[in-house]
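What follows is a single structure, written as structure tokens, with notes after it.
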Number of protein chains: 2
Amino acid sequence: MSETPPTPLSTDELARIDAFWRACNYLAVGMIYLMDNPLLREPLKEAHIKKRLLGHWGASPGLAFMYCHTNRIILAHDQEAVFLAGPGHGAPGVLAPVYLEGTYSKIYPNKSEDEEGMKAFFKQFSFPGGVGSHCTPETPGSIHEGGELGYSISHAFGAAFDNPDLLVVVAVGDGESETGPLATAWHSGKFLNAARDGAVLPILHLNGYKINNPTLLARIPEDELASLMRGYGWEPHFVAGDEPMAMHQQMAATMDACYARIQEIQADARAKGADKVSRYRWPMIVLRTPKGWTGPESVDGHKVEGFWRAHQVPLSGLHGNPEHLAQLEAWMKSYKPQELFDETGKLKPEIRAAAPTGNLRMSANPHANGGLLRHSLRMPDFRRFACDVERPGTVRAMNTKPLGALLREVMRHNKDHFRVFGPDENTSNKLDAVYEVSKKLWLEEYLPEDEDGGELAPDGRVMEMLSEHTLEGWYEGYVLTGRHGFFASYEAFIHVIDSMYNQHAKWLAICNEIPWRAPIASLNMLITSTVWRQDHNGFTHQDPGFLDVVVNKNPEVARIYLPPDVNCLLSVADHCLRSMNYINVIVADKQNHLQYLSMEAAIKHCTKGVGIWDWASNDEGHEPDVVMVGCGDIPTKEALGATALLREEFDDIKIRFVNVVDLMTLHHEGPHALSERDFDSIFTMDKPVIFNFHGYPWLIHRLTYKHANHSQFHVRGYKERGNINTPLELAIENEIDRFSLAVDVIDRVPRLSVVGAHAKQRFRDMQIDARNYAFEHGIDMPDYDDWTWPY
Amino acid sequence: MSETPPTPLSTDELARIDAFWRACNYLAVGMIYLMDNPLLREPLKEAHIKKRLLGHWGASPGLAFMYCHTNRIILAHDQEAVFLAGPGHGAPGVLAPVYLEGTYSKIYPNKSEDEEGMKAFFKQFSFPGGVGSHCTPETPGSIHEGGELGYSISHAFGAAFDNPDLLVVVAVGDGESETGPLATAWHSGKFLNAARDGAVLPILHLNGYKINNPTLLARIPEDELASLMRGYGWEPHFVAGDEPMAMHQQMAATMDACYARIQEIQADARAKGADKVSRYRWPMIVLRTPKGWTGPESVDGHKVEGFWRAHQVPLSGLHGNPEHLAQLEAWMKSYKPQELFDETGKLKPEIRAAAPTGNLRMSANPHANGGLLRHSLRMPDFRRFACDVERPGTVRAMNTKPLGALLREVMRHNKDHFRVFGPDENTSNKLDAVYEVSKKLWLEEYLPEDEDGGELAPDGRVMEMLSEHTLEGWYEGYVLTGRHGFFASYEAFIHVIDSMYNQHAKWLAICNEIPWRAPIASLNMLITSTVWRQDHNGFTHQDPGFLDVVVNKNPEVARIYLPPDVNCLLSVADHCLRSMNYINVIVADKQNHLQYLSMEAAIKHCTKGVGIWDWASNDEGHEPDVVMVGCGDIPTKEALGATALLREEFDDIKIRFVNVVDLMTLHHEGPHALSERDFDSIFTMDKPVIFNFHGYPWLIHRLTYKHANHSQFHVRGYKERGNINTPLELAIENEIDRFSLAVDVIDRVPRLSVVGAHAKQRFRDMQIDARNYAFEHGIDMPDYDDWTWPY
């Protein structure tokens with residue numbers, strides 16, 4: 001693997017790339033330490049030093065090194081590229097070249113390419129009101145913040161999909177390499193179609209240490225690491241050393257070799273065609289450099305360069321320690337700033353020439369501000385897939401099945417910028433209509449039996465792998481670079497990616513405040529195989545708590561929809577697929593369910609997000625005795641069941657039936673929140689509200705506690721009661737079933753308290769009969785399964 | 001790797017092991033299909049078939065195959081072993097041998113070893129009121145439910161740690177192998193000390209398919225898979241085929257070879273000593289068998305055996321389909337039940353002899369019911385590490401540092417059954433005192449510089465790897481097998497293991513209802529580097545939402561503590577380390593903080609969990625104007641600051657100061673909940689309560705909404721506002737700072753509404769000054785940093 005010529009760089013080229021890199025390192029140190037005297041024009045004094053030293057030197061020189069050498073490839077081949085920095089807190093190593101390329105100053109004019117601008121650029125770093133030590137959304141060219149570890153590779157692949165001309169260089173930290181998400185993301189190469197997609201070049205950066213520990217991959221034998229990478233399907237190239245000039249030559253030669261191999265693979269694949277290719281063994285680089293490379297070798301007698309002590313701020317306690325101050329000055333001067341910057345403080349043009357210009361700069365590449373490239377989806381009319389509902393609550397359909405048809409048509413008309421993601425469950429989730437237009441991407445071995453319903457194809461656009469982390473990472477990378485998608489997953493296991501949800505929501509919330517970030521497509525997540533139909537899978541599969549995680553985030557970016565039936569689901573999905581800068585979470589079960597609204601009614605209902613269902617109510621514009629609320633498909637059915645039981649039992653009871661589709665309408669703040677007046681007019685000021693909810697009941701209290709009638713809200717939902725059951729039995733255990741709700745109403749409506757005693761007993765008896773039937777036959781009672789709305 | 005003799009089994013042995021396996025497969029099919037006629041004594045009829053067919057046939061025969069061959073090793077060597085089944089829904093393959101070994105009938109007498117018992121055993125499977133299709137806690141011998149994918153290997157290692165005589169055989173699904181947690185857990189071999197720990201033998205089961213898809217690892221070239229396993233540090237042995245007799249010979253030979261190699265490694269390591277060993281290349285097995293092995297080859301013209309169609313129920317629609325019914329009968333009879341079971345329905349003794357007896361049965365091994373083996377920790381007196389607090393709120397200390405000393409002493413006195421887990425952050429989290437007694441486990445290469453503060457040792461008992469998943473999995477496996485531990489992690493990134501928390505909490509909640517499961521040590525999690533000191537790391541590092549996930553689970557198993565200072569933290573930690581069957585989440589920041597309570601006062605306060613701090617209150621037993629609440633270390637400090645500001649400003653204001661340590665005291669239900677009377681006497685019936693909370697504010701509303709004074713609760717907490725800040729600035733943005741709280745009080749106490757206008761303005765001005773100082777100097781104002789309680 002190292003048969004590449006050792007010295008591809010001419011003396012001039014070598015000097016130029018090294019000077020650019022030294023400038024990067026100089027800036028990285030400056031960002032960490034200085035708030036004044038940026039060019040060291042006067043002797044360094046305590047007053048020039050920030051009081052609180054933050055940021056991480058350790059990874060910075062290595063990141064800048066990779067960035068510089070990627071620039072060399074870009075220049076040599078006019079190659080479009082983006083750069084993702086996986087290691088946390090390594091932003092100085094990326095911000096530096098971004099500034100030197102001129103992009104930073106263009107976007108942030110106060111950080112101009114001169115002494116004053118450099119001073120401001122230094123000071124803002126990890127400084128109150130400034131920018132963070134990760135590649136945050138404020139960083140031009142970044143689509144990956146780093147720091148929350150493990151998503152660099154999956155983000156990189158998401159960016160490369162359907163971008164055949166793009167090279168995605170991703171610096172992978174040896175720290176993050178220990179995480180689960182990263183460990184499995186190496187398999188992403190098995191999902192990259194070389195004819196249709198761009199290339200990902202991972203550079204595994206072995207700088208050897210985490211905060212206080214050696215990293216695993218840096219300390220295992222090199223042949224074991226090579227074996228691991230080959231096992232993942234990559235061809236590793238090793239670059240190792242600490243002498244800068246030799247390392248530049250080695251890195252340049254290796255980048256050339258990798259790039260040549262990428263071109264060879266792509267030429268081969270593109271000659272064959274996207275539908276004929278199989279997986280290639282792509283090149284990757286293992287770059288072994290000292291942690292804190294070119295920084296202080298030792299401080300106070302402790303080894304620093306090449307050790308974990310270089311992780312954060314290698315020299316600290318500068319105030320009152322002239323020795324350390326002098327060491328910092330000597331360190332900074334070792335980069336020879338006077339050779340790098342001109343009089344005004346601008347990088348000298350001959351050095352600047354080591355980086356590309358215009359949109360070839362990775363910091364200015366529009367793929368990294370994906371909204372610029374985003375085309376709206378060509379959308380079919382979702383009404384085509386409507387379920388015919390003549391009378392509410394009388395027909396049944398599988399709620400997610402027509403959504404599959406909608407997705408199929410979206411796929412048909414948007415073949416180069418739409419993908420569907422799901423962990424091996426799109427068929428199980430009844431979304432399989434999508435395979436009529438595009439199969440599951442599969443580039444490994446094919447067997448004859450795959451023909452029989454395997455739905456596999458080398459150019460499939462449905463991405464299935466049993467890793468929610470990888471799927472979510474791909475999907476995020478895909479939308480961040482301006483495309484669209486849809487993700488479906490099992491409700492209980494979506495918690496696997498809570499943390500990824502949190503980070504993407506935070507990214508979007510910050511982007512909302514950055515005017516130059518163009519809006520991107522929303523992340524659309526269908527949560528299905530929901531708690532109320534996990535009766536047979538049992539307790540571990542019952543967890544509607546993802547919604548609690550979702551609502552913790554900024555209501556400007558988080559949305560939750562609980563469509564009760566097919567037509568509402570279609571209307572909601574259409575809305576979500578057209579939306580931007582949100583995370584839309586749609587909760588809908590895949591099983592056969594009662595249908596309530598015609599398409600016209602569904603559109604109206606979903607547009608409002610919450611509303612009274614007149615056909616199920618009999619309060620006819622008056623104050624009702626009770627407000628019955630269904631929120632979610634199955635809770636709505638049970639709430640209707642209770643309503644019917646009560647109306648049958650009590651001639652004069654006045655029930656208002658409300659359905660909530662858009663959970664954020666209940667919130668007391670945020671753009672979707674109902675006005676106080678609207679809320680009160682739906683839920684009344686003082687009548688009992690029996691709220692049958694899909695998730696944990698307290699979530700509704702947390703949303704509604706500021707509203708006038710809150711003390712009358714009686715919420716039913718999942719209370720962590722379940723084992724191996726039938727659907728009705730599970731509902732009964734958690735008291736969301738029609739019988740429990742009907743009893744609830746009798747208990748809450750004062751005038752029923754006496755006359756209702758008999759009815760209560762009857763409802764309880766019905767409940768017991770239903771339960772016993774399940775225990776005997778293993779299924780629910782036919783008259784529960786077949787129940788329809790009787791009015 | 002296949003130089004092992006091909007036929008280690010004699011004809012008799014072969015017949016016996018195959019018969020046992022056939023019996024397992026027969027039972028597995030019976031569980032899925034039958035509710036009557038278990039021994040097929042009469043022709044199979046529809047009435048014998050369950051109405052709803054559940055469970056997963058696909059993985060079952062392979063699991064039973066591994067179980068049988070592990071039994072052979074146990075018998076041959078009197079080897080103690082436990083078995084973990086990674087694949088989801090494979091329980092029939094494990095329940096079957098557990099029943100045949102007699103363990104099941106002993107624990108559940110109605111599932112006796114006879115025809116009637118077998119019928120009940122069949123019927124209960126995936127049947128309402130019965131048992132699930134995973135290896136749930138009800139399964140004797142199980143410490144790993146499977147089904148939520150990816151934790152099998154880390155659980156297995158947790159079980160093997162400090163159990164030198166134990167062999168842990170873990171069946172790893174090729175589906176779960178695609179998950180992140182599993183992908184990185186293969187590195188666990190780098191943390192197994194062969195002298196001190198037991199052995200883990202992973203069997204990667206390539207049955208080729210997930211629900212509807214081929215698996216990645218089953219379709220990559222075999223040399224690539226071998227390379228991957230070697231890269232992870234294992235020596236792979238391949239067993240592949242579908243002809244049972246040949247497969248038994250192959251598997252037996254391979255198990256022999258692996259077992260011999262394990263013994264060789266252990267002998268070598270134990271001769272060297274635990275402090276001298278390094279990592280070994282342990283054997284593992286890749287077992288390639290058809291999915292649904294021995295099941296129907298095809299159904300209705302579709303290939304089933306060896307294809308994804310065998311994943312769940314290969315033959316369905318039996319009612320009304322005599323052909324399918326006949327196929328099922330033929331399938332079951334292919335196992336020749338009449339040869340396997342005697343007249344009464346009990347397994348014949350000569351076949352029973354293929355399994356061990358007594359506690360050597362994996363289903364009866366006490367390690368898998370770890371509470372049986374649990375010894376209480378020898379606990380030091382935590383008062384020794386107390387912080388000397390003469391006057392509240394006047395001295396400062398790092399809250400987590402003395403906890404490190406406590407953990408050090410726990411470690412010192414419990415060296416064979418206590419470990420500390422943390423992702424590379426125990427030093428950063430100020431728990432490094434523990435290294436004085438035990439270092440970080442490290443079995444890879446050592447470099448000279450490691451001597452300088454590396455704190456590494458081959459026999460270290462502090463487990464550090466940058467994978468929260470792996471750590472949590474190890475820790476769970478460790479406590480499930482009867483030992484103790486402590487886990488510390490960063491607050492924002494603990495969301496990475498939300499899903500693991502959920503599953504362990506569910507496991508514990510079920511165990512509470514299983515009388516034969518002995519109580520195990522609680523899982524103790526310290527959440528540190530908390531949101532209020534992530535000002536400098538920025539928005540992505542600010543997320544206190546793990547608590548919201550925690551409270552969703554059963555209050556019988558979930559606990560949350562927010563000790564305000566060192567002495568409270570010590571008292572809480574002592575309590576948690578002694579407790580059983582909980583998950584204790586302790587939130588405490590690692591930075592320098594004000595100290596409030598003497599040790600004596602702290603113990604009293606923590607025992608109650610919530611209380612009035614008289615020294616900070618001036619309502620002297622009367623109804624106050626306002627109740628000021630601090631919950632969490634930093635919110636408490638700010639609440640005290642506000643209290644001081646207000647008392648200084650208004651001579652006659654009466655403030656009651658309350659601190660909450662045990663969050664579950666606020667809950668309206670569960671064993672820690674305050675009685676309504678106690679709650680009202682602390683929080684009053686009608687006075688404004690300004691509640692300064694560590695986490696998201698709505699969590700408090702969700703806990704307290706049923707209490708009388710809830711409408712007067714004004715909760716402050718983290719509201720997703722943050723970027724690069726100072727601590728005070730971050731507090732201000734989220735309105736938990738002293739100035740905002742003081743203004744809040746003026747707004748809420750009617751009699752201050754007029755007289756307070758000036759004070760409000762002054763507080764606002766102070767806030768602006770503080771903010772400006774930070775923006776100028778990059779640090780907080782000295783008089784904020786140095787503030788102490790003035791009374």
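Residues are named by chain letter and number: chains run A, B, ... in the order of the structure tokens, numbers start at 1 in each chain, and ligands are numbered from 1 in the order shown.
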Open item on the list: What's around stretch 780-787 of chain B at 9 Å? Count only C-alpha atoms, leave out sequence neighbours fewer than 4 positions away in its own chain, and write the answer as a VMD selection string.
Closed with: chain B and resid 393 to 394 594 641 726 to 729 769 to 771 773 to 775
Apply DSSP to the structure's backbone, then extract all residues of stretch 675-758 of chain A labelled helix (DSSP H, G or I) and return them as a short mmCIF file (atom, residue, chain, number, x, y, z; two decimals) with N, CA and C atoms, in the first residue's frame.
```cif
data_model
loop_
_atom_site.label_atom_id
_atom_site.label_comp_id
_atom_site.auth_asym_id
_atom_site.auth_seq_id
_atom_site.Cartn_x
_atom_site.Cartn_y
_atom_site.Cartn_z
N GLU A 676 -55.63 31.42 23.62
CA GLU A 676 -56.33 31.09 24.86
C GLU A 676 -57.84 31.00 24.58
N ARG A 677 -58.32 31.90 23.75
CA ARG A 677 -59.75 31.94 23.46
C ARG A 677 -60.20 30.68 22.72
N ASP A 678 -59.43 30.31 21.72
CA ASP A 678 -59.79 29.10 20.97
C ASP A 678 -59.71 27.87 21.86
N PHE A 679 -58.67 27.83 22.68
CA PHE A 679 -58.52 26.68 23.56
C PHE A 679 -59.74 26.55 24.47
N ASP A 680 -60.11 27.68 25.07
CA ASP A 680 -61.23 27.65 26.01
C ASP A 680 -62.54 27.33 25.30
N SER A 681 -62.67 27.80 24.07
CA SER A 681 -63.94 27.56 23.40
C SER A 681 -64.07 26.09 23.00
N ILE A 682 -62.96 25.42 22.79
CA ILE A 682 -63.03 23.97 22.49
C ILE A 682 -63.16 23.15 23.77
N PHE A 683 -62.29 23.47 24.73
CA PHE A 683 -62.21 22.61 25.92
C PHE A 683 -63.05 23.12 27.09
N TRP A 698 -48.91 12.27 31.38
CA TRP A 698 -48.44 13.53 31.96
C TRP A 698 -47.92 14.51 30.91
N LEU A 699 -47.63 14.00 29.72
CA LEU A 699 -47.20 14.91 28.66
C LEU A 699 -48.28 15.95 28.37
N ILE A 700 -49.54 15.51 28.42
CA ILE A 700 -50.65 16.44 28.16
C ILE A 700 -50.74 17.48 29.28
N HIS A 701 -50.53 17.05 30.50
CA HIS A 701 -50.55 18.01 31.61
C HIS A 701 -49.46 19.05 31.45
N ARG A 702 -48.31 18.57 31.05
CA ARG A 702 -47.19 19.49 30.89
C ARG A 702 -47.44 20.51 29.79
N LEU A 703 -48.20 20.11 28.76
CA LEU A 703 -48.50 21.06 27.69
C LEU A 703 -49.59 22.03 28.09
N THR A 704 -50.55 21.56 28.90
CA THR A 704 -51.78 22.34 29.10
C THR A 704 -51.86 23.04 30.45
N HIS A 710 -57.40 23.59 33.06
CA HIS A 710 -56.48 22.48 33.26
C HIS A 710 -56.87 21.56 34.41
N SER A 711 -57.39 22.14 35.47
CA SER A 711 -57.68 21.30 36.65
C SER A 711 -58.78 20.29 36.34
N GLN A 712 -59.51 20.49 35.26
CA GLN A 712 -60.57 19.54 34.88
C GLN A 712 -60.09 18.55 33.82
N PRO A 727 -54.83 -6.40 22.30
CA PRO A 727 -54.97 -4.95 22.28
C PRO A 727 -55.93 -4.42 23.33
N LEU A 728 -57.12 -5.04 23.44
CA LEU A 728 -58.09 -4.53 24.40
C LEU A 728 -57.59 -4.68 25.83
N GLU A 729 -56.98 -5.83 26.11
CA GLU A 729 -56.47 -6.08 27.45
C GLU A 729 -55.40 -5.04 27.80
N LEU A 730 -54.55 -4.72 26.86
CA LEU A 730 -53.52 -3.70 27.10
C LEU A 730 -54.18 -2.34 27.37
N ALA A 731 -55.21 -2.05 26.59
CA ALA A 731 -55.92 -0.79 26.80
C ALA A 731 -56.54 -0.75 28.19
N ILE A 732 -57.12 -1.87 28.59
CA ILE A 732 -57.77 -1.93 29.90
C ILE A 732 -56.75 -1.72 31.02
N GLU A 733 -55.61 -2.38 30.89
CA GLU A 733 -54.60 -2.24 31.95
C GLU A 733 -54.16 -0.79 32.15
N ARG A 738 -62.61 1.88 26.26
CA ARG A 738 -63.93 2.52 26.26
C ARG A 738 -64.67 2.35 27.59
N PHE A 739 -64.50 1.18 28.20
CA PHE A 739 -65.25 0.93 29.44
C PHE A 739 -64.72 1.81 30.57
N SER A 740 -63.39 1.86 30.69
CA SER A 740 -62.80 2.72 31.73
C SER A 740 -63.16 4.18 31.50
N LEU A 741 -63.15 4.59 30.23
CA LEU A 741 -63.45 6.00 29.94
C LEU A 741 -64.89 6.33 30.28
N ALA A 742 -65.78 5.39 29.96
CA ALA A 742 -67.19 5.64 30.26
C ALA A 742 -67.40 5.75 31.77
N VAL A 743 -66.70 4.91 32.51
CA VAL A 743 -66.78 5.00 33.97
C VAL A 743 -66.21 6.33 34.45
N ASP A 744 -65.09 6.74 33.82
CA ASP A 744 -64.50 8.04 34.15
C ASP A 744 -65.51 9.17 34.02
N VAL A 745 -66.27 9.14 32.94
CA VAL A 745 -67.24 10.20 32.70
C VAL A 745 -68.29 10.20 33.81
N ILE A 746 -68.77 9.02 34.11
CA ILE A 746 -69.80 8.95 35.18
C ILE A 746 -69.22 9.52 36.48
N ASP A 747 -67.97 9.23 36.75
CA ASP A 747 -67.36 9.74 37.98
C ASP A 747 -67.16 11.25 37.97
N ARG A 748 -67.02 11.82 36.77
CA ARG A 748 -66.67 13.25 36.71
C ARG A 748 -67.87 14.16 36.48
N PRO A 750 -71.13 15.44 37.67
CA PRO A 750 -71.84 15.36 38.96
C PRO A 750 -73.25 14.79 38.85
N ARG A 751 -73.99 15.18 37.83
CA ARG A 751 -75.39 14.76 37.83
C ARG A 751 -75.56 13.27 37.48
N LEU A 752 -74.45 12.62 37.08
CA LEU A 752 -74.53 11.19 36.82
C LEU A 752 -74.14 10.35 38.04
N ALA A 757 -74.81 4.71 38.70
CA ALA A 757 -74.22 3.58 39.42
C ALA A 757 -74.41 2.25 38.69
N HIS A 758 -75.62 2.05 38.20
CA HIS A 758 -75.91 0.79 37.49
C HIS A 758 -75.07 0.68 36.22
#
```
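Excluding stretch 248-250 of chain A itself and any same-chain residue fewer than 2 positions from it, the protein and nucleic acid residues within 9 Å of it, counting only C-alpha atoms, are Thr4, Pro5, Pro6, Thr7, Pro8, Leu9, Leu14, Ile17, Asp18, Phe65, His69, Val239, Ala240, Glu243, Pro244, Met245, Ala246, Ala252, Ala253, Thr254 and Met255 of chain A.
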- [ ] Name all residues at most 6 Å from stretch 617-625 of chain B (count only C-alpha atoms; drop same-chain ones fewer than 5 positions away) and give them as a ChimeraX atom specification.
- [x] /B:654-657
TODO: Find the residues near A:Arg559: any atom within 10 Å, counting only C-alpha atoms, skip ones fewer than 4 places away on the same chain, and give them as a VMD selection string.
DONE: chain A and resid 524 547 550 to 551 553 to 555 576 582 to 586 662 to 665 672
Residues just named, written with N, CA and C atoms as a tab-separated table (two decimals), in the first residue's frame:
```tsv
chain	number	residue	atom	x	y	z
A	524	ASN	N	-38.57	14.10	8.41
A	524	ASN	CA	-39.91	13.52	8.62
A	524	ASN	C	-39.79	12.11	9.16
A	547	LEU	N	-42.00	11.07	22.31
A	547	LEU	CA	-42.70	12.36	22.24
A	547	LEU	C	-42.26	13.29	23.37
A	550	VAL	N	-39.15	14.81	22.28
A	550	VAL	CA	-39.38	15.77	21.19
A	550	VAL	C	-39.83	17.12	21.72
A	551	VAL	N	-40.80	17.12	22.64
A	551	VAL	CA	-41.35	18.40	23.08
A	551	VAL	C	-40.38	19.21	23.93
A	553	LYS	N	-37.60	20.14	23.00
A	553	LYS	CA	-36.84	21.03	22.13
A	553	LYS	C	-37.69	22.23	21.70
A	554	ASN	N	-36.99	23.20	21.16
A	554	ASN	CA	-37.60	24.45	20.72
A	554	ASN	C	-38.87	24.22	19.88
A	555	PRO	N	-40.02	24.80	20.31
A	555	PRO	CA	-41.25	24.57	19.53
A	555	PRO	C	-41.19	25.18	18.12
A	576	CYS	N	-46.00	17.73	5.77
A	576	CYS	CA	-44.64	17.56	6.29
A	576	CYS	C	-43.61	17.51	5.16
A	582	TYR	N	-38.06	21.86	9.97
A	582	TYR	CA	-38.67	21.25	11.14
A	582	TYR	C	-38.16	19.82	11.30
A	583	ILE	N	-38.46	19.27	12.47
A	583	ILE	CA	-38.48	17.83	12.60
A	583	ILE	C	-39.93	17.46	12.84
A	584	ASN	N	-40.52	16.76	11.88
A	584	ASN	CA	-41.92	16.36	11.98
A	584	ASN	C	-42.00	14.92	12.45
A	585	VAL	N	-42.62	14.72	13.57
A	585	VAL	CA	-42.81	13.37	14.07
A	585	VAL	C	-44.27	13.00	13.90
A	586	ILE	N	-44.52	11.95	13.14
A	586	ILE	CA	-45.90	11.52	12.86
A	586	ILE	C	-46.10	10.16	13.53
A	662	ASP	N	-52.55	17.76	15.86
A	662	ASP	CA	-51.29	18.50	15.99
A	662	ASP	C	-51.09	18.79	17.48
A	663	LEU	N	-50.20	18.02	18.09
A	663	LEU	CA	-50.04	18.11	19.55
A	663	LEU	C	-49.62	19.51	19.99
A	664	MET	N	-48.87	20.19	19.15
A	664	MET	CA	-48.36	21.50	19.53
A	664	MET	C	-49.45	22.56	19.63
A	665	THR	N	-50.67	22.25	19.15
A	665	THR	CA	-51.77	23.20	19.35
A	665	THR	C	-52.09	23.36	20.83
A	672	HIS	N	-47.63	27.04	16.71
A	672	HIS	CA	-48.86	26.28	16.48
A	672	HIS	C	-49.86	26.38	17.63
```
Open item on the list: as a ChimeraX atom specification, please: the residues near B:Ala96 (cut-off 8 Å, only C-alpha atoms, same-chain neighbours under 6 positions excluded).
Closed with: /B:23-25,27-28,64
Dump as a PDB file, in the first residue's frame, selection limited to N, CA and C atoms:
```pdb
ATOM      1  N   ALA B  23     -36.002 -32.526  20.102  1.00  0.00           N
ATOM      2  CA  ALA B  23     -37.024 -32.250  21.123  1.00  0.00           C
ATOM      3  C   ALA B  23     -37.205 -30.747  21.298  1.00  0.00           C
ATOM      4  N   CYS B  24     -36.083 -30.020  21.288  1.00  0.00           N
ATOM      5  CA  CYS B  24     -36.163 -28.548  21.390  1.00  0.00           C
ATOM      6  C   CYS B  24     -36.970 -27.977  20.232  1.00  0.00           C
ATOM      7  N   ASN B  25     -36.661 -28.453  19.049  1.00  0.00           N
ATOM      8  CA  ASN B  25     -37.337 -27.898  17.874  1.00  0.00           C
ATOM      9  C   ASN B  25     -38.823 -28.243  17.889  1.00  0.00           C
ATOM     10  N   LEU B  27     -40.635 -28.656  20.524  1.00  0.00           N
ATOM     11  CA  LEU B  27     -41.278 -27.767  21.507  1.00  0.00           C
ATOM     12  C   LEU B  27     -41.419 -26.351  20.954  1.00  0.00           C
ATOM     13  N   ALA B  28     -40.405 -25.909  20.221  1.00  0.00           N
ATOM     14  CA  ALA B  28     -40.466 -24.545  19.684  1.00  0.00           C
ATOM     15  C   ALA B  28     -41.654 -24.402  18.750  1.00  0.00           C
ATOM     16  N   ALA B  64     -31.341 -23.164  19.845  1.00  0.00           N
ATOM     17  CA  ALA B  64     -31.369 -24.441  20.554  1.00  0.00           C
ATOM     18  C   ALA B  64     -30.119 -25.266  20.237  1.00  0.00           C
TER      19      ALA B  64
END
```
TODO: For stretch 458-464 of chain B, work out the shell of residues within 6 Å, counting only C-alpha atoms and skipping chain neighbours fewer than 4 positions away, then give it as a list in words.
DONE: Ala274, Asp275, Arg419, Val420, Phe421, Gly422, Pro423, Asp424, Ser438, Lys439, Lys440, Leu441, Trp442 and Leu443 of chain B
Open item on the list: Report, in Å to a single decimal, how far apart atom CA of B:Arg764 and atom CA of B:Arg721 are.
Closed with: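 Atom-to-atom, atom CA of B:Arg721 to atom CA of B:Arg764, that is 18.8 Å.
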Open item on the list: From the options A:Val715, A:Val566, A:Val169, A:Met251, which residue's atoms come nearest to chain B, counting only C-alpha atoms?
Closed with: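 Ranking A:Val715, A:Val566, A:Val169, A:Met251 by distance to chain B, first place goes to A:Val715.
Of the residues listed (A:Gly306, A:Gly146, A:Gly722, A:Gly93), A:Gly306 shows the shortest atom-to-atom separation from A:Leu206; distances use only C-alpha atoms.
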TODO: as number ranges by chain, please: all residues of stretch 385-633 of chain A that backbone DSSP puts in strand (DSSP E).
DONE: A: 396-398, 418-421, 440-441, 456-457, 462-463, 484-490, 523-528, 558-561, 583-587, 592-594, 610-612, 626-631
